[in-house]
Structure formats: structure tokens, C-alpha cells
Amino acid sequence: MAGDARAEYVIERQQQMENDRVVYDSHCQEIAERVLPRQDTFTRKRGMEGEKRAEKIFDATAPLALDRAASAIDSLITPTTQQYHKLGPEDDRLQYDRDTVLYCDELTKQLFRMRYRPEANYSSQAHECYVSLMAFGTLAQFTNDELGIGTRYKSIGMSQMYIAEDHAGVIDYNHRKFKLAARQAAQKFGLANLPQKIRDEAEKHPFQKFEFIHCVKPNEERVHSARGYKSWPHISYYVSYEGRKCLSEGGYRTKPYQVSRHVTAPDETYGRSPAMIVLADIKMLNEMEKTTIRAAHKVVDPPLLAFGDGFMNIINTRPNAINYGGVDANGRQLVHPLKTGANLPLVFEMSEGRRKVINDAFYVTLFQILVQNPQMTATEALIRAQEKGQLLAPTVGRQESEYLGPQILRELDILALSGRLPQMPRRLAMSGGGLKVIYTSPLARLRRAEDGVAMLRSMESATSILQAKPDSQILDNIDEDAWIREMWEINGAPLKVLRPSELVDQIREERKQAQQNQATLDGANTAANAAKNLAKAQESVGTMIPPGILQ
């Protein structure tokens, strides 16, 4: 396919995808205007930088709930303070092979080092992804290889991102429609590759912006025997609207765009979000707040009722103002405030009901359960965590498969292309070299809270039996070491605090040896004391016998 033909193909597909999501864009525009105004460019053009965008927000409940929900999901799936996943061999027979375990540990460390480099910008972009997920039901992230030295991450706003699924429901077609200044386009694509108008503007007006499309799709013309990107499964085109020209062609071995949905409806590609579920409540709450403001204004500064005899035309309501003619000769007030009869407490109660619904939709109430009850027992805390895990797992857990899993695959591919993968152990290589991701995030622990509750209840049952029958040997059935290590992991306590099993065995052996030595020493001391006492006793008996007896 020639360059201009590729450009025409990409632009035509872009127009089709825009037509297919007109309703979605309108829906998201309503949400953005009331929940996330910084991304309200679905159906309107971006204005001047710094313009006001919160004209339709009269209550901040939904924007605050959105940010809290995104932060909570971030802390559950990708917390920066801990290692939230690790790698392991697909072949379970190798999970205890020392060389394989060390290889997987080193590979995991490399992933986290690359991901959290200051230049990678992962933490901030992941948070933006979760904001988009909770607001619009879909998140998109671009994981790029920065000249072979590592990864760089960028959250893509859904007003720019267009997607399509394959026959299995997997997103395999990505379009990003974005703008670059003429100087930026020259930096990225090279001045000579740009259409003539952009080249001219790069010299005269370098900050003039133009529209571009990045298309990543399955490589339908893939040649497995070819070298370079033509043999890779994903093809990439950068196209300029101006001049309808293909500026760059390349490919990827793994998907550079990670796209995930919150939940999906039948026959729909884009996800649906908590904000979509409670959009009616969000709009209603904003209207109620507008009405409340007007009602409160009338209560605080009410309209005035005056006698219409034409004597006093203007009433001065400023502090310390004097209004002549406001009373009659007998001192009776001639000007009265208009009492509207507004029931403000009822309005406040209705607004609080809407706020609770919105906070519930964004999981704010759910995330506050443990915080609001700090005096709970360990069992109660585990039961609460179990409930939270059961409620969050179906939707939040989807991000592990659609977002984090593909991201890890992309990162591993970038490490492989840069030649920085450690040497694979022989046994792992012979098994095919397959690796799997093992999630150890707080969300994964919440899923295991049910095991913790069951273990605590089982121990309570065993304790009650011991209380009824103290001589019972029921605890012989419990492996105390396995029990404490399992509970340690379920509760998320730092594993580095636990001693390795080998060291525990060594300590116990040394303690046993010390006890044996002490017992031997005590026995020797006892025997020595006994011999000494016997000698003293014999000496005492000898002195007590009269001299004539022994002759």
C-alpha cells in the first residue's frame, strides 16, 4: 500500500470510528462538564488555555468522589509503596527451582526499576488512567520505548482515543487523534517528511497546531520470514490530516496501547462507568444546589413588601441606611420582607441523599469502612476486607487482565529489545521459557481475606474445644509455621520481617542443642553435688563413731 493510499485508508477508518461513537461522545461530554471539566472536549473544541470550565458544577460531590475513587483504585492495584506483582514460571514444576526463582525475582526487580524511573512518569499517568476509567468507563495508556533506554507512559484522554474489537472481543485496533505544533511535528517526524504547509508554518509560526492520527492495527500483510517490523504482529502509521500524508510507518511486537474497560454492555465496545450510572443524580444534585442557593438568597436577603402610596419609591437596604416613610405616624412598619415559606432543612436532607448515592457509586463509602471503624477486632477487620474484596473484584479486578497484564507484556518486550534481560536458566529455557504474572497487590489480598476469616474461625473453634477439654491433643493437627506465614501474607504484613524457614530451623536446632547442653551441665552439677554431699556425709559419720569401736 503506497504512502498516500495508507493515509487515505487511515483517515477513512477514523471518520467511520468517529461516526460510530457520536452518542458515546455526547454522553461523555455531559459527564465531563459536571465531573471532569478538564477533559470536556468530546463534542466541543478546546478553547484558550486556562479558560473556565466549571460553569455547570454547583456541587463538588461528584468531582471529589471521582478523584477519591481513582486514588483508591490506584492504591489497590498499583501502589507505589510496594511490589504489587511478581513473575513466576508457567511450569509449576519449576516454582521451587532455585535458579528459576532467582531469575524471576531479578526480572521483576528490573521491571519495577524501569517503570518507576523519574523519566518514565508512570505514577501520575496511572492515576490519570483510573480517573478516565471511573468517569468514562474506559482508560487508555501508551507505553513507548524511549530510544531503547526504557519506557515512558502517557495516559490518553478518551476524547482522542478510538478503539475496535476483534472477533473474540479483544481490543486490537487503536486510533489516536491528536494535535502537534508545527515545531513539535518537525522534531518528531523530521522537517523534510512533513507536508509543505506544515514545513512553512514551522518556520513562520512554529506554535501553530495541526491534527495527526496514530493508527495501530493488526498487521494483515505480515511476512513471518521478513526482517524488522514487517514480521511483527502490529503495524503502525502516523498520518497528517494536512496534505493527507503518511509520515511514518513501523510496527510493534506487543501492543503499545493498553485499553481497559470498567464494565461493558452487550454489543458495545466502550466501557460504562460509575459516573454514567449516577449521571441523573449528578445532574439533579447540581440543579438542587442552584435552587437551594436561590432559596437561601431569598431567606437571607428577601424581597420587600411596601405600601404603594407613592411616598417612598426607593428602599435603601445597605447597613445603617435610613429610609424615611418606612413607618406611619404611629410607628407601624410599612415595609415587610416577603416570606417564601422555603423549607431549607428538607432541601438539605434531599441533597444529602443524592450525595450518598453518588459516593456509593464511586465506592467512597466502601473504601471508608475500615477508616471509620479503627477499633475493630482482627476478625471484624478481615470480614470487612472480605466484603470489600467481593464487591470490588468483578470490576476492579478486570484491570489486571486488560490493563496491567498487557502493560507488563509490553515492558518485558522492551527489556528484550534493549538486550537487558538476564540470562535464562537452562531448566526454564528447556520448558519453553513461559512466565506468568502473580499479583500480590492489596486487591489480591482482599480476595484472600475469605481464607483469613476461615482460618481465624477454625482456630476459634479449636480453642473452644480446648477450653471444654484441656487434655485434648487437637492442636497436633495444625502446622503452626504454615498457619502464621499464611496469615502474614493474607494480612499484607512485610515478608522481610519473617525469618526464612531455613533460619528458623537453624535457630530451633541451636536452641535444642543449647537445652541439651544445659541439661547435661545440670546433670553433671547434680552428680557433683551429690558426690560432694555423700563425701561430707561419710566424713560426718566417721567423726560420730567412738574410737574403740573401730579397733
# chains A, B, ... in the order shown; residues from 1 in each chain; ligands from 1
$ select_by_dssp --residues "stretch 78-154 of chain A" --states "strand (DSSP E)" --output "PDB file with C-alpha atoms, in the first residue's frame"
ATOM      1  CA  HIS A  85       3.092  -8.297  41.251  1.00  0.00           C
ATOM      2  CA  LYS A  86       5.853 -10.766  40.551  1.00  0.00           C
ATOM      3  CA  LEU A  87       6.779 -13.203  37.809  1.00  0.00           C
ATOM      4  CA  GLY A  88       6.838 -16.957  38.049  1.00  0.00           C
ATOM      5  CA  PRO A  89       7.310 -19.944  35.698  1.00  0.00           C
ATOM      6  CA  THR A 138     -12.592   3.273  29.545  1.00  0.00           C
ATOM      7  CA  LEU A 139      -8.908   4.031  30.074  1.00  0.00           C
ATOM      8  CA  ALA A 140      -6.095   4.168  27.545  1.00  0.00           C
ATOM      9  CA  GLN A 141      -2.342   4.283  28.094  1.00  0.00           C
ATOM     10  CA  PHE A 142       0.514   4.491  25.607  1.00  0.00           C
ATOM     11  CA  THR A 143       3.660   2.634  26.700  1.00  0.00           C
ATOM     12  CA  ASN A 144       6.510   3.757  24.491  1.00  0.00           C
ATOM     13  CA  ASP A 145      10.122   2.680  24.174  1.00  0.00           C
ATOM     14  CA  THR A 151       9.726   3.002  28.951  1.00  0.00           C
ATOM     15  CA  ARG A 152       7.690   6.175  29.059  1.00  0.00           C
ATOM     16  CA  TYR A 153       3.992   6.156  29.860  1.00  0.00           C
ATOM     17  CA  LYS A 154       1.246   8.510  28.746  1.00  0.00           C
TER      18      LYS A 154
END
$ residues_around --residues "A:Leu94" --least-positions-apart "2" --cutoff "12 Å" --atoms "only C-alpha atoms" --output "count of residues only"
25
$ closest_atom_pairs --of "stretch 39-127 of chain A" --to "stretch 258-281 of chain A" --cutoff "12 Å" --atoms "only C-alpha atoms" --output "CSV"
residue,atom,partner,partner_atom,distance
A:Asp59,CA,A:Asp281,CA,11.5
A:Thr61,CA,A:Asp281,CA,10.9
A:Ala62,CA,A:Ala275,CA,8.1
A:Pro63,CA,A:Ala275,CA,9.8
A:Ala65,CA,A:Ala275,CA,9.8
A:Leu66,CA,A:Ala275,CA,8.2
A:Asp67,CA,A:Ala275,CA,11.8
A:Ala69,CA,A:Pro274,CA,10.0
A:Ala70,CA,A:Pro274,CA,11.5
A:Ile73,CA,A:His262,CA,11.7
A:Ala126,CA,A:Gln258,CA,11.2
$ write_last_selection --atoms "N, CA and C atoms" --output "mmCIF file, in the first residue's frame"
data_model
loop_
_atom_site.group_PDB
_atom_site.id
_atom_site.type_symbol
_atom_site.label_atom_id
_atom_site.label_comp_id
_atom_site.auth_asym_id
_atom_site.auth_seq_id
_atom_site.Cartn_x
_atom_site.Cartn_y
_atom_site.Cartn_z
ATOM 1 N N ASP A 59 -22.167 21.695 42.705
ATOM 2 C CA ASP A 59 -21.878 20.849 43.864
ATOM 3 C C ASP A 59 -20.668 19.987 43.521
ATOM 4 N N THR A 61 -19.526 17.259 44.928
ATOM 5 C CA THR A 61 -19.540 15.872 45.412
ATOM 6 C C THR A 61 -18.996 14.901 44.371
ATOM 7 N N ALA A 62 -19.494 14.980 43.140
ATOM 8 C CA ALA A 62 -19.077 14.031 42.098
ATOM 9 C C ALA A 62 -17.607 14.193 41.720
ATOM 10 N N PRO A 63 -17.083 15.412 41.471
ATOM 11 C CA PRO A 63 -15.650 15.532 41.169
ATOM 12 C C PRO A 63 -14.759 15.025 42.289
ATOM 13 N N ALA A 65 -15.597 12.746 44.593
ATOM 14 C CA ALA A 65 -15.757 11.288 44.663
ATOM 15 C C ALA A 65 -14.963 10.606 43.561
ATOM 16 N N LEU A 66 -14.938 11.203 42.383
ATOM 17 C CA LEU A 66 -14.166 10.637 41.273
ATOM 18 C C LEU A 66 -12.687 10.564 41.614
ATOM 19 N N ASP A 67 -12.139 11.644 42.133
ATOM 20 C CA ASP A 67 -10.712 11.650 42.451
ATOM 21 C C ASP A 67 -10.392 10.664 43.572
ATOM 22 N N ALA A 69 -12.070 7.904 44.260
ATOM 23 C CA ALA A 69 -12.189 6.552 43.719
ATOM 24 C C ALA A 69 -10.952 6.181 42.912
ATOM 25 N N ALA A 70 -10.460 7.121 42.087
ATOM 26 C CA ALA A 70 -9.256 6.846 41.295
ATOM 27 C C ALA A 70 -8.062 6.599 42.209
ATOM 28 N N ILE A 73 -8.432 3.083 43.824
ATOM 29 C CA ILE A 73 -8.125 2.000 42.888
ATOM 30 C C ILE A 73 -6.623 1.938 42.639
ATOM 31 N N ALA A 126 -0.719 6.655 35.573
ATOM 32 C CA ALA A 126 -1.613 5.585 36.020
ATOM 33 C C ALA A 126 -2.821 6.177 36.734
#
$ residues_around --residues "A:Gly353" --least-positions-apart "6" --cutoff "12 Å" --atoms "only C-alpha atoms" --output "list in words"
Thr61, Asp281, Ile282, Met284, Leu285, Met288, Leu346, Val347, Asn359 and Asp360 of chain A
$ closest_residue --among "A:Pro37, A:Pro195, A:Arg354, A:Met17" --to "A:Glu165" --atoms "only C-alpha atoms"
A:Met17
$ atom_distance --atom1 "atom CA of A:Glu411" --atom2 "atom CA of A:Cys129"
17.5 Å
$ closest_residue --among "A:Pro442, A:His205, A:Ile213, A:Lys188" --to "A:Thr80" --atoms "only C-alpha atoms"
A:Pro442
$ select_by_dssp --residues "stretch 216-360 of chain A" --states "helix (DSSP H, G or I)" --output "ChimeraX atom specification"
/A:228-231,274-277,279-300,344-360
$ residues_around --residues "A:Arg253" --least-positions-apart "4" --cutoff "7 Å" --atoms "only C-alpha atoms" --output "compact mmCIF listing (two decimals) with N, CA and C atoms, in the first residue's frame"
# COMPACT_ATOMS: atom_id res chain seq x y z
N TRP A 232 6.29 -8.33 12.36
CA TRP A 232 5.69 -8.16 13.68
C TRP A 232 4.17 -8.17 13.58
N PRO A 233 3.48 -8.51 14.66
CA PRO A 233 2.00 -8.68 14.57
C PRO A 233 1.21 -7.37 14.51
N HIS A 234 1.83 -6.23 14.84
CA HIS A 234 1.09 -4.97 14.86
C HIS A 234 1.80 -3.96 13.96
$ closest_residue --among "A:Pro406, A:Gly326, A:Pro345, A:Gly250" --to "A:Ala296" --atoms "only C-alpha atoms"
A:Pro345
$ residues_around --residues "A:Ser123" --least-positions-apart "6" --cutoff "9 Å" --atoms "only C-alpha atoms" --output "PyMOL selection string"
chain A and resi 74+78-80+115-116
